[in-house]
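Asker: mmCIF, C-alpha atoms and all ligand atoms, saved as data-v1.cif, coming up:
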data_start
loop_
_atom_site.label_atom_id
_atom_site.label_comp_id
_atom_site.auth_asym_id
_atom_site.auth_seq_id
_atom_site.Cartn_x
_atom_site.Cartn_y
_atom_site.Cartn_z
CA MET A 1469 -21.88 -51.46 -27.51
CA VAL A 1470 -20.74 -52.93 -30.80
CA ASN A 1471 -23.83 -54.71 -31.94
CA HIS A 1472 -25.75 -52.03 -33.76
CA PHE A 1473 -23.15 -51.67 -36.46
CA CYS A 1474 -21.71 -55.15 -36.83
CA HIS A 1475 -24.73 -56.91 -38.28
CA GLY A 1476 -23.23 -56.64 -41.76
CA TYR A 1477 -20.07 -58.65 -41.23
CA ASP A 1478 -21.85 -61.06 -38.92
CA ARG A 1479 -24.28 -61.73 -41.75
CA LEU A 1480 -21.53 -62.12 -44.31
CA ALA A 1481 -19.13 -64.15 -42.15
CA ASN A 1482 -20.27 -67.69 -43.02
CA HIS A 1483 -20.12 -67.01 -46.77
CA TYR A 1484 -17.05 -64.80 -46.75
CA HIS A 1485 -14.62 -67.57 -47.68
CA LEU A 1486 -16.79 -68.85 -50.53
CA LEU A 1487 -17.37 -65.36 -51.92
CA GLU A 1488 -13.66 -64.66 -51.79
CA LYS A 1489 -12.88 -67.91 -53.62
CA MET A 1490 -15.49 -67.25 -56.30
CA MET A 1491 -14.31 -63.74 -56.99
CA PHE A 1492 -10.56 -64.02 -56.49
CA GLY A 1493 -9.59 -67.68 -56.29
CA GLU A 1494 -6.35 -67.92 -54.29
CA ARG A 1495 -5.27 -64.35 -55.00
CA LEU A 1496 -6.32 -62.72 -51.73
CA LYS A 1497 -4.85 -65.62 -49.80
CA ASP A 1498 -1.53 -65.18 -51.62
CA ALA A 1499 -1.59 -61.41 -51.12
CA ARG A 1500 -2.24 -61.64 -47.37
CA THR A 1501 0.89 -63.63 -46.73
CA VAL A 1502 3.23 -62.45 -49.48
CA LEU A 1503 5.51 -60.36 -47.21
CA LEU A 1504 5.10 -62.34 -43.99
CA ASP A 1505 8.62 -63.74 -44.31
CA ALA A 1506 10.03 -60.21 -44.36
CA ILE A 1507 8.64 -59.40 -40.90
CA PRO A 1508 11.29 -59.81 -38.21
CA THR A 1509 10.57 -61.86 -35.09
CA CYS A 1510 7.94 -60.07 -33.02
CA GLU A 1511 6.96 -60.48 -29.40
CA SER A 1512 3.59 -58.77 -29.75
CA ALA A 1513 1.15 -58.00 -32.57
CA LEU A 1514 -2.16 -56.23 -32.99
CA VAL A 1515 -4.26 -57.68 -35.82
CA LEU A 1516 -7.11 -55.43 -36.93
CA GLY A 1517 -10.28 -56.85 -38.51
CA ASP A 1518 -8.91 -60.22 -39.58
CA GLY A 1519 -12.30 -61.61 -40.47
CA ASN A 1520 -12.29 -65.40 -40.58
CA GLY A 1521 -8.65 -65.51 -39.45
CA GLN A 1522 -6.71 -66.62 -42.51
CA LEU A 1523 -3.86 -64.19 -41.97
CA LEU A 1524 -4.01 -64.69 -38.21
CA GLU A 1525 -3.36 -68.40 -38.72
CA ALA A 1526 -0.41 -67.76 -41.03
CA LEU A 1527 1.02 -65.17 -38.64
CA LEU A 1528 0.70 -67.48 -35.68
CA THR A 1529 2.54 -70.16 -37.64
CA SER A 1530 5.38 -67.88 -38.75
CA GLN A 1531 5.72 -65.98 -35.43
CA THR A 1532 5.59 -68.83 -32.94
CA THR A 1533 6.40 -66.79 -29.81
CA CYS A 1534 4.37 -63.71 -30.66
CA GLN A 1535 1.50 -62.70 -28.36
CA ILE A 1536 -1.27 -61.62 -30.74
CA THR A 1537 -4.29 -59.45 -30.00
CA SER A 1538 -6.98 -59.87 -32.63
CA VAL A 1539 -9.65 -57.15 -32.71
CA ASP A 1540 -12.84 -57.45 -34.71
CA GLN A 1541 -16.25 -55.89 -34.29
CA SER A 1542 -18.00 -58.96 -35.72
CA GLU A 1543 -18.71 -61.61 -33.13
CA ARG A 1544 -19.24 -64.23 -35.82
CA MET A 1545 -15.89 -63.47 -37.46
CA LEU A 1546 -14.18 -63.91 -34.09
CA GLU A 1547 -15.93 -67.26 -33.64
CA LEU A 1548 -14.62 -68.32 -37.04
CA GLN A 1549 -11.10 -67.26 -36.05
CA GLN A 1550 -11.32 -69.32 -32.88
CA LYS A 1551 -12.66 -72.31 -34.76
CA ARG A 1552 -9.91 -72.06 -37.37
CA LEU A 1553 -7.23 -72.00 -34.67
CA ALA A 1554 -8.84 -74.57 -32.39
CA ASP A 1555 -6.02 -77.10 -32.88
CA HIS A 1556 -3.20 -74.69 -33.56
CA PRO A 1557 -0.23 -75.37 -31.24
CA SER A 1558 0.21 -71.63 -30.51
CA ARG A 1559 -3.48 -70.88 -30.00
CA LYS A 1560 -2.87 -69.78 -26.42
CA ASN A 1561 -0.82 -66.89 -27.79
CA VAL A 1562 -3.94 -65.18 -29.14
CA THR A 1563 -6.23 -62.81 -27.24
CA TRP A 1564 -9.51 -62.05 -28.95
CA LEU A 1565 -11.22 -58.71 -28.52
CA HIS A 1566 -14.77 -58.10 -29.66
CA ARG A 1567 -14.46 -54.39 -30.12
CA ASP A 1568 -14.88 -51.56 -32.58
CA ALA A 1569 -11.32 -50.67 -33.58
CA LYS A 1570 -12.46 -47.04 -33.77
CA THR A 1571 -12.52 -47.05 -29.97
CA TRP A 1572 -8.85 -48.06 -29.85
CA ASN A 1573 -6.75 -45.65 -27.88
CA GLY A 1574 -3.28 -45.40 -29.41
CA SER A 1575 -1.78 -44.52 -26.04
CA ASP A 1576 -2.71 -47.97 -24.63
CA GLN A 1577 -0.40 -50.95 -25.11
CA LYS A 1578 2.37 -50.79 -27.74
CA PHE A 1579 3.00 -53.63 -30.20
CA ASP A 1580 5.98 -54.80 -32.26
CA LEU A 1581 3.65 -55.30 -35.20
CA VAL A 1582 0.30 -53.92 -36.35
CA VAL A 1583 -1.49 -55.80 -39.14
CA ALA A 1584 -4.28 -54.45 -41.34
CA ALA A 1585 -5.32 -56.66 -44.26
CA PHE A 1586 -8.35 -55.63 -46.28
CA PHE A 1587 -9.37 -53.63 -43.22
CA LEU A 1588 -8.56 -49.98 -43.91
CA ASP A 1589 -10.77 -50.08 -46.99
CA CYS A 1590 -13.76 -50.41 -44.63
CA PHE A 1591 -13.36 -46.74 -43.68
CA THR A 1592 -14.02 -43.32 -45.18
CA ARG A 1593 -11.27 -40.73 -45.52
CA GLN A 1594 -12.76 -38.88 -42.52
CA GLU A 1595 -12.79 -42.03 -40.39
CA LEU A 1596 -9.20 -42.79 -41.36
CA ALA A 1597 -8.16 -39.24 -40.48
CA ALA A 1598 -9.71 -39.74 -37.05
CA HIS A 1599 -8.60 -43.30 -36.24
CA LEU A 1600 -5.58 -44.35 -38.31
CA PRO A 1601 -3.25 -42.27 -36.08
CA ASP A 1602 -4.41 -44.33 -33.08
CA TRP A 1603 -3.77 -47.60 -34.91
CA ILE A 1604 -0.31 -46.47 -36.04
CA ASN A 1605 0.40 -45.16 -32.53
CA ALA A 1606 -0.19 -48.67 -31.27
CA LEU A 1607 3.25 -49.44 -32.75
CA ARG A 1608 6.26 -49.27 -30.52
CA PRO A 1609 9.12 -47.17 -31.89
CA GLY A 1610 10.84 -49.25 -34.59
CA GLY A 1611 7.85 -51.58 -34.84
CA HIS A 1612 6.40 -52.80 -38.15
CA PHE A 1613 3.15 -52.06 -39.91
CA TYR A 1614 1.94 -54.75 -42.30
CA PHE A 1615 -0.68 -53.53 -44.72
CA VAL A 1616 -2.48 -55.44 -47.47
CA ASP A 1617 -5.35 -53.95 -49.42
CA PHE A 1618 -6.95 -53.10 -52.70
CA GLN A 1619 -5.68 -50.13 -54.67
CA GLU A 1620 -6.63 -48.38 -57.90
CA PRO A 1621 -4.14 -49.39 -60.59
CA GLU A 1622 -2.53 -46.28 -62.07
CA ARG A 1623 -3.20 -46.53 -65.79
CA GLY A 1624 -4.35 -48.38 -68.90
CA TRP A 1625 -6.43 -51.53 -69.04
CA LYS A 1626 -5.38 -52.46 -65.52
CA ARG A 1627 -6.98 -49.26 -64.27
CA LEU A 1628 -10.24 -49.88 -66.15
CA ARG A 1629 -10.36 -53.46 -64.95
CA GLY A 1630 -9.49 -52.41 -61.41
CA LYS A 1631 -12.19 -49.75 -61.31
CA LEU A 1632 -14.77 -52.27 -62.45
CA TYR A 1633 -13.78 -54.73 -59.70
CA LEU A 1634 -13.69 -52.01 -57.04
CA THR A 1635 -17.08 -50.56 -58.00
CA LEU A 1636 -18.70 -54.00 -57.87
CA MET A 1637 -17.07 -54.80 -54.53
CA HIS A 1638 -17.98 -51.50 -52.91
CA GLN A 1639 -21.58 -51.78 -53.97
CA PHE A 1640 -21.75 -55.34 -52.69
CA PHE A 1641 -20.16 -54.55 -49.33
CA ARG A 1642 -22.25 -51.42 -48.83
CA TRP A 1643 -25.37 -53.46 -49.49
CA GLN A 1644 -24.32 -56.35 -47.22
CA THR A 1645 -22.47 -54.62 -44.40
CA ASP A 1646 -23.87 -51.06 -44.15
CA LEU A 1647 -20.35 -49.70 -44.50
CA PRO A 1648 -20.38 -45.95 -45.14
CA ASN A 1649 -17.46 -45.66 -47.58
CA ARG A 1650 -18.39 -45.17 -51.23
CA ARG A 1651 -15.01 -45.41 -52.86
CA LEU A 1652 -11.53 -46.64 -52.17
CA VAL A 1653 -9.38 -44.08 -50.40
CA ASN A 1654 -5.84 -43.61 -51.74
CA MET A 1655 -3.94 -45.27 -48.89
CA THR A 1656 -0.47 -44.51 -50.27
CA GLU A 1657 -1.22 -40.81 -49.96
CA ILE A 1658 -2.49 -41.25 -46.41
CA LEU A 1659 0.21 -43.60 -45.14
CA ASP A 1660 2.90 -41.30 -46.57
CA GLN A 1661 1.84 -38.71 -43.98
CA PHE A 1662 3.01 -40.92 -41.12
CA ASP A 1663 6.49 -41.38 -39.76
CA LEU A 1664 6.80 -44.72 -41.52
CA HIS A 1665 9.53 -46.03 -43.77
CA LEU A 1666 8.46 -48.35 -46.57
CA LEU A 1667 10.64 -51.48 -46.35
CA ARG A 1668 8.97 -53.78 -48.86
CA SER A 1669 6.14 -53.39 -51.34
CA LYS A 1670 4.50 -55.81 -53.73
CA ASN A 1671 1.73 -55.22 -56.24
CA MET A 1672 -0.38 -58.22 -57.20
CA HIS A 1673 -3.38 -59.24 -59.27
CA HIS A 1674 -2.61 -56.74 -62.08
CA ASP A 1675 -1.89 -54.03 -59.50
CA LEU A 1676 -5.33 -54.31 -57.91
CA ILE A 1677 -3.82 -55.45 -54.60
CA CYS A 1678 -0.78 -54.21 -52.76
CA ALA A 1679 1.08 -55.59 -49.77
CA ARG A 1680 3.44 -53.30 -47.87
CA LEU A 1681 5.71 -53.59 -44.91
CA TYR A 1682 6.59 -50.35 -43.12
CA ARG A 1683 8.84 -49.62 -40.19
CA ASN A 1684 7.94 -47.03 -37.59
CA LEU A 1685 10.73 -44.45 -37.70
CA ALA A 1686 10.10 -43.03 -34.23
CA GLU A 1687 12.95 -45.05 -32.71
CA ASP A 1688 15.50 -43.79 -35.23
CA ARG A 1689 14.38 -40.21 -34.76
CA SER A 1690 14.58 -40.32 -30.95
CA ARG A 1691 18.00 -42.03 -31.12
CA ASP A 1692 19.25 -39.32 -33.45
CA GLY A 1693 17.86 -36.69 -31.09
CA GLN A 1694 15.58 -35.31 -33.85
C1 LIG B 1701 -13.25 -56.90 -45.53
S1 LIG B 1701 -13.14 -57.83 -44.05
C2 LIG B 1701 -11.46 -58.34 -44.15
C3 LIG B 1701 -11.18 -59.54 -43.33
C4 LIG B 1701 -9.75 -60.07 -43.36
N1 LIG B 1701 -8.79 -59.10 -42.82
C5 LIG B 1701 -9.32 -60.52 -44.72
O1 LIG B 1701 -8.14 -60.38 -45.03
O2 LIG B 1701 -10.14 -61.05 -45.45
C6 LIG B 1701 -13.10 -56.58 -42.83
C7 LIG B 1701 -13.05 -57.11 -41.41
O3 LIG B 1701 -12.89 -55.99 -40.54
C8 LIG B 1701 -13.86 -56.03 -39.53
N2 LIG B 1701 -14.19 -54.63 -39.21
C9 LIG B 1701 -14.76 -53.71 -40.01
N3 LIG B 1701 -14.88 -52.54 -39.36
C10 LIG B 1701 -14.36 -52.74 -38.12
C11 LIG B 1701 -14.18 -51.93 -36.97
N4 LIG B 1701 -14.59 -50.66 -36.96
N5 LIG B 1701 -13.62 -52.46 -35.87
C12 LIG B 1701 -13.20 -53.77 -35.86
N6 LIG B 1701 -13.35 -54.60 -36.91
C13 LIG B 1701 -13.91 -54.09 -38.02
C14 LIG B 1701 -15.04 -56.78 -40.11
O4 LIG B 1701 -15.85 -57.36 -39.10
C15 LIG B 1701 -14.32 -57.83 -40.95
O5 LIG B 1701 -13.97 -58.95 -40.18
#
Would you give me this structure, written as structure tokens?
Answerer:
Amino acid sequence: MVNHFCHGYDRLANHYHLLEKMMFGERLKDARTVLLDAIPTCESALVLGDGNGQLLEALLTSQTTCQITSVDQSERMLELQQKRLADHPSRKNVTWLHRDAKTWNGSDQKFDLVVAAFFLDCFTRQELAAHLPDWINALRPGGHFYFVDFQEPERGWKRLRGKLYLTLMHQFFRWQTDLPNRRLVNMTEILDQFDLHLLRSKNMHHDLICARLYRNLAEDRSRDGQ
């Protein structure tokens, strides 16, 4: 079911870490984990498209009792995640799902935490309009959404530099992974449409990367009878 469209990331998986290091050094690694400490203790988490599992490993270490479901459409990426966590003391807390996240049904299980790092930028605006609501709906009321991704810096030399990086990356990923999106979607604009409250936000790498922690407001609304 998944195979016809996951060749790209399967092909890229073995070199992903090296490519990341060459292009960004430690910056993506730092960005992935920068707000992890701000996430309260969670019993359950859904991690979307975690690739070779760098954030998954950090999450498992910081949330020792959390049951984590890691979904990725690339079989090879999931193998790398399993290899990375082979000796991790909390490895049994992870369930791996080889699945296209676009088939996720938001009315299924609810999680305390949903994590999307460098994942939402794989999708077009139309795809996000269709599927992001399901991913956000996977949050229980009052749950947390942890988002890390690229963004277009707002102005000046940072913007020019950012656009250059983003153009190069999009062309590379389109060539390697057959992803349909041609440009970065403005995620702030899109996430602002959800019932989410921004708790923490951090811009990094000259504003090219942002990390954000949101809280799902549904609980507060239902408690207030709104
Ligand atoms: C750009 S990589 C990011 C990996 C990782 N989160 C990181 O921080 O480096 C995108 C990941 O999302 C996965 N992915 C892309 N589209 C997907 C989809 N529709 N369903 C599930 N996983 C998907 C890819 O296989 C890949 O592992």
Asker: May I have the centre and edge lengths, in Å to one decimal, of an axis-aligned box around the listed atoms of ligand LIG 1701 (chain B) with 8 Å added to every side, as JSON?
Answerer:
{"center_x": -12.0, "center_y": -55.9, "center_z": -40.7, "size_x": 23.7, "size_y": 26.4, "size_z": 25.7}
Asker: Just how far from CA of Val1539 in chain A is CA of Leu1516 in chain A, in Å to one decimal?
Answerer: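 Going from CA of Leu1516 in chain A over to CA of Val1539 in chain A, I get 5.2 Å.
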Asker: Determine, using all atoms listed in the file, which residues of chain A have any atom at most 7 Å from an atom of ligand LIG 1701 (chain B), and tabulate each with its shortest atom pair and distance in Å to one decimal place, rows ordered by chain and then rising number, as a Markdown table.
Answerer:
| residue | atom | partner | partner_atom | distance |
| --- | --- | --- | --- | --- |
| A:Cys1474 | CA | B:LIG1701 | O4 | 6.7 |
| A:Tyr1477 | CA | B:LIG1701 | O4 | 4.9 |
| A:Arg1500 | CA | B:LIG1701 | O1 | 6.5 |
| A:Leu1516 | CA | B:LIG1701 | N6 | 6.3 |
| A:Gly1517 | CA | B:LIG1701 | O3 | 3.4 |
| A:Asp1518 | CA | B:LIG1701 | N1 | 3.4 |
| A:Gly1519 | CA | B:LIG1701 | O5 | 3.2 |
| A:Asn1520 | CA | B:LIG1701 | C4 | 6.5 |
| A:Gly1521 | CA | B:LIG1701 | C4 | 6.8 |
| A:Gln1522 | CA | B:LIG1701 | O1 | 6.9 |
| A:Leu1523 | CA | B:LIG1701 | O1 | 6.5 |
| A:Val1539 | CA | B:LIG1701 | C12 | 5.8 |
| A:Asp1540 | CA | B:LIG1701 | N6 | 3.6 |
| A:Gln1541 | CA | B:LIG1701 | C12 | 4.0 |
| A:Ser1542 | CA | B:LIG1701 | O4 | 4.3 |
| A:Met1545 | CA | B:LIG1701 | O5 | 5.6 |
| A:Arg1567 | CA | B:LIG1701 | C12 | 5.9 |
| A:Asp1568 | CA | B:LIG1701 | N5 | 3.6 |
| A:Ala1569 | CA | B:LIG1701 | N5 | 3.7 |
| A:Lys1570 | CA | B:LIG1701 | N4 | 5.3 |
| A:Ala1584 | CA | B:LIG1701 | N1 | 6.6 |
| A:Ala1585 | CA | B:LIG1701 | N1 | 4.5 |
| A:Phe1586 | CA | B:LIG1701 | C2 | 4.6 |
| A:Phe1587 | CA | B:LIG1701 | C6 | 4.8 |
| A:Cys1590 | CA | B:LIG1701 | C9 | 5.8 |
Asker: Do a neighbour search on Tyr1633 in chain A at 10 Å with only C-alpha atoms, toss out local chain neighbours closer than 6 positions, and write the hits as a VMD selection string.
Answerer: chain A and resid 1491 1618 1620 1627 1676
Asker: Can you write just those residues out, C-alpha atoms, as a tab-separated table (two decimals), keeping the file's coordinate frame?
Answerer:
chain	number	residue	atom	x	y	z
A	1491	MET	CA	-14.31	-63.74	-56.99
A	1618	PHE	CA	-6.95	-53.10	-52.70
A	1620	GLU	CA	-6.63	-48.38	-57.90
A	1627	ARG	CA	-6.98	-49.26	-64.27
A	1676	LEU	CA	-5.33	-54.31	-57.91
Asker: Find, counting only C-alpha atoms, the residue in A:Gln1594, A:Ser1558, A:Thr1529, A:Thr1656 that gets nearest to Tyr1682 in chain A.
Answerer: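 For Tyr1682 in chain A, the nearest of the candidates is A:Thr1656.
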Asker: Counting only C-alpha atoms, which of A:Val1583, A:Cys1534, A:Leu1600, A:Val1653 gets nearest to Leu1503 in chain A?
Answerer: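 Closest to Leu1503 in chain A, using only C-alpha atoms: A:Val1583.
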Asker: CA of Glu1525 in chain A and CA of Glu1488 in chain A are how many Å apart?
Answerer: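 The value is 17.1 Å.
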Asker: Identify the residues around (11.4, -46.6, -39.6) within a radius of 9 Å, measuring from all atoms listed in the file in the coordinates stated by the file, and give them as a PyMOL selection string.
Answerer: chain A and resi 1609-1612+1663-1667+1682-1689
Asker: Just the number, please: distance in Å from CA of Arg1629 in chain A to CA of Phe1492 in chain A, one decimal.
Answerer: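 Between CA of Arg1629 in chain A and CA of Phe1492 in chain A the gap is 13.5 Å.
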Asker: Applying 12 Å and only C-alpha atoms, which residues near Leu1480 in chain A remain after dropping the ones on its own chain fewer than 5 positions away? List them as a PyMOL selection string.
Answerer: chain A and resi 1474-1475+1485-1488+1519-1520+1542-1545+1548+1640-1646
Asker: Hey, could you patch up range 1649-1660 of chain A with all heavy atoms and hand it over as a tab-separated table (two decimals), keeping the file's coordinate frame?
Answerer:
chain	number	residue	atom	x	y	z
A	1649	ASN	N	-18.34	-46.18	-46.53
A	1649	ASN	CA	-17.46	-45.66	-47.58
A	1649	ASN	C	-17.96	-45.99	-48.98
A	1649	ASN	O	-18.44	-47.08	-49.25
A	1649	ASN	CB	-16.01	-46.13	-47.39
A	1649	ASN	CG	-15.87	-47.61	-47.53
A	1649	ASN	OD1	-16.83	-48.33	-47.34
A	1649	ASN	ND2	-14.69	-48.07	-47.87
A	1650	ARG	N	-17.86	-45.01	-49.87
A	1650	ARG	CA	-18.39	-45.17	-51.23
A	1650	ARG	C	-17.29	-45.48	-52.23
A	1650	ARG	O	-17.55	-45.99	-53.29
A	1650	ARG	CB	-19.08	-43.88	-51.68
A	1650	ARG	CG	-20.41	-43.70	-51.02
A	1650	ARG	CD	-20.96	-42.31	-51.17
A	1650	ARG	NE	-22.11	-42.17	-50.28
A	1650	ARG	CZ	-23.34	-42.54	-50.60
A	1650	ARG	NH1	-23.61	-43.03	-51.77
A	1650	ARG	NH2	-24.33	-42.40	-49.73
A	1651	ARG	N	-16.09	-45.10	-51.93
A	1651	ARG	CA	-15.01	-45.41	-52.86
A	1651	ARG	C	-13.72	-45.64	-52.10
A	1651	ARG	O	-13.58	-45.23	-50.94
A	1651	ARG	CB	-14.85	-44.30	-53.89
A	1651	ARG	CG	-14.76	-42.90	-53.32
A	1651	ARG	CD	-14.43	-41.93	-54.40
A	1651	ARG	NE	-13.37	-42.48	-55.24
A	1651	ARG	CZ	-12.75	-41.79	-56.17
A	1651	ARG	NH1	-13.09	-40.57	-56.44
A	1651	ARG	NH2	-11.77	-42.32	-56.88
A	1652	LEU	N	-12.80	-46.29	-52.82
A	1652	LEU	CA	-11.53	-46.64	-52.17
A	1652	LEU	C	-10.72	-45.37	-51.94
A	1652	LEU	O	-10.54	-44.56	-52.84
A	1652	LEU	CB	-10.78	-47.59	-53.10
A	1652	LEU	CG	-9.58	-48.29	-52.52
A	1652	LEU	CD1	-10.00	-49.28	-51.45
A	1652	LEU	CD2	-8.84	-49.03	-53.63
A	1653	VAL	N	-10.22	-45.23	-50.73
A	1653	VAL	CA	-9.38	-44.08	-50.40
A	1653	VAL	C	-7.95	-44.41	-50.85
A	1653	VAL	O	-7.53	-45.57	-50.78
A	1653	VAL	CB	-9.43	-43.85	-48.87
A	1653	VAL	CG1	-8.50	-42.74	-48.46
A	1653	VAL	CG2	-10.86	-43.57	-48.42
A	1654	ASN	N	-7.22	-43.39	-51.33
A	1654	ASN	CA	-5.84	-43.61	-51.74
A	1654	ASN	C	-4.96	-43.76	-50.49
A	1654	ASN	O	-4.55	-42.78	-49.86
A	1654	ASN	CB	-5.37	-42.43	-52.60
A	1654	ASN	CG	-3.96	-42.63	-53.12
A	1654	ASN	OD1	-3.16	-43.39	-52.54
A	1654	ASN	ND2	-3.63	-41.96	-54.20
A	1655	MET	N	-4.65	-45.00	-50.15
A	1655	MET	CA	-3.94	-45.27	-48.89
A	1655	MET	C	-2.47	-44.87	-48.95
A	1655	MET	O	-1.88	-44.55	-47.93
A	1655	MET	CB	-4.06	-46.75	-48.51
A	1655	MET	CG	-5.40	-47.15	-47.96
A	1655	MET	SD	-6.06	-46.08	-46.65
A	1655	MET	CE	-4.75	-46.08	-45.46
A	1656	THR	N	-1.89	-44.89	-50.16
A	1656	THR	CA	-0.47	-44.51	-50.27
A	1656	THR	C	-0.32	-43.07	-49.79
A	1656	THR	O	0.55	-42.75	-48.97
A	1656	THR	CB	-0.01	-44.61	-51.74
A	1656	THR	OG1	-0.32	-45.91	-52.20
A	1656	THR	CG2	1.47	-44.34	-51.89
A	1657	GLU	N	-1.22	-42.23	-50.32
A	1657	GLU	CA	-1.22	-40.81	-49.96
A	1657	GLU	C	-1.34	-40.64	-48.44
A	1657	GLU	O	-0.62	-39.86	-47.83
A	1657	GLU	CB	-2.47	-40.22	-50.62
A	1657	GLU	CG	-2.39	-38.81	-51.11
A	1657	GLU	CD	-3.71	-38.52	-51.82
A	1657	GLU	OE1	-4.70	-38.16	-51.14
A	1657	GLU	OE2	-3.75	-38.71	-53.04
A	1658	ILE	N	-2.24	-41.40	-47.85
A	1658	ILE	CA	-2.49	-41.25	-46.41
A	1658	ILE	C	-1.34	-41.80	-45.58
A	1658	ILE	O	-0.85	-41.15	-44.65
A	1658	ILE	CB	-3.83	-41.95	-46.04
A	1658	ILE	CG1	-4.96	-41.19	-46.73
A	1658	ILE	CG2	-4.01	-42.01	-44.54
A	1658	ILE	CD1	-6.33	-41.54	-46.27
A	1659	LEU	N	-0.86	-43.00	-45.94
A	1659	LEU	CA	0.21	-43.60	-45.14
A	1659	LEU	C	1.51	-42.81	-45.25
A	1659	LEU	O	2.32	-42.80	-44.32
A	1659	LEU	CB	0.42	-45.06	-45.55
A	1659	LEU	CG	-0.70	-46.00	-45.09
A	1659	LEU	CD1	-0.58	-47.38	-45.74
A	1659	LEU	CD2	-0.72	-46.14	-43.57
A	1660	ASP	N	1.70	-42.12	-46.39
A	1660	ASP	CA	2.90	-41.30	-46.57
A	1660	ASP	C	2.97	-40.16	-45.56
A	1660	ASP	O	4.03	-39.57	-45.35
A	1660	ASP	CB	2.95	-40.72	-47.99
A	1660	ASP	CG	3.44	-41.76	-48.99
A	1660	ASP	OD1	3.85	-42.86	-48.55
A	1660	ASP	OD2	3.40	-41.48	-50.21
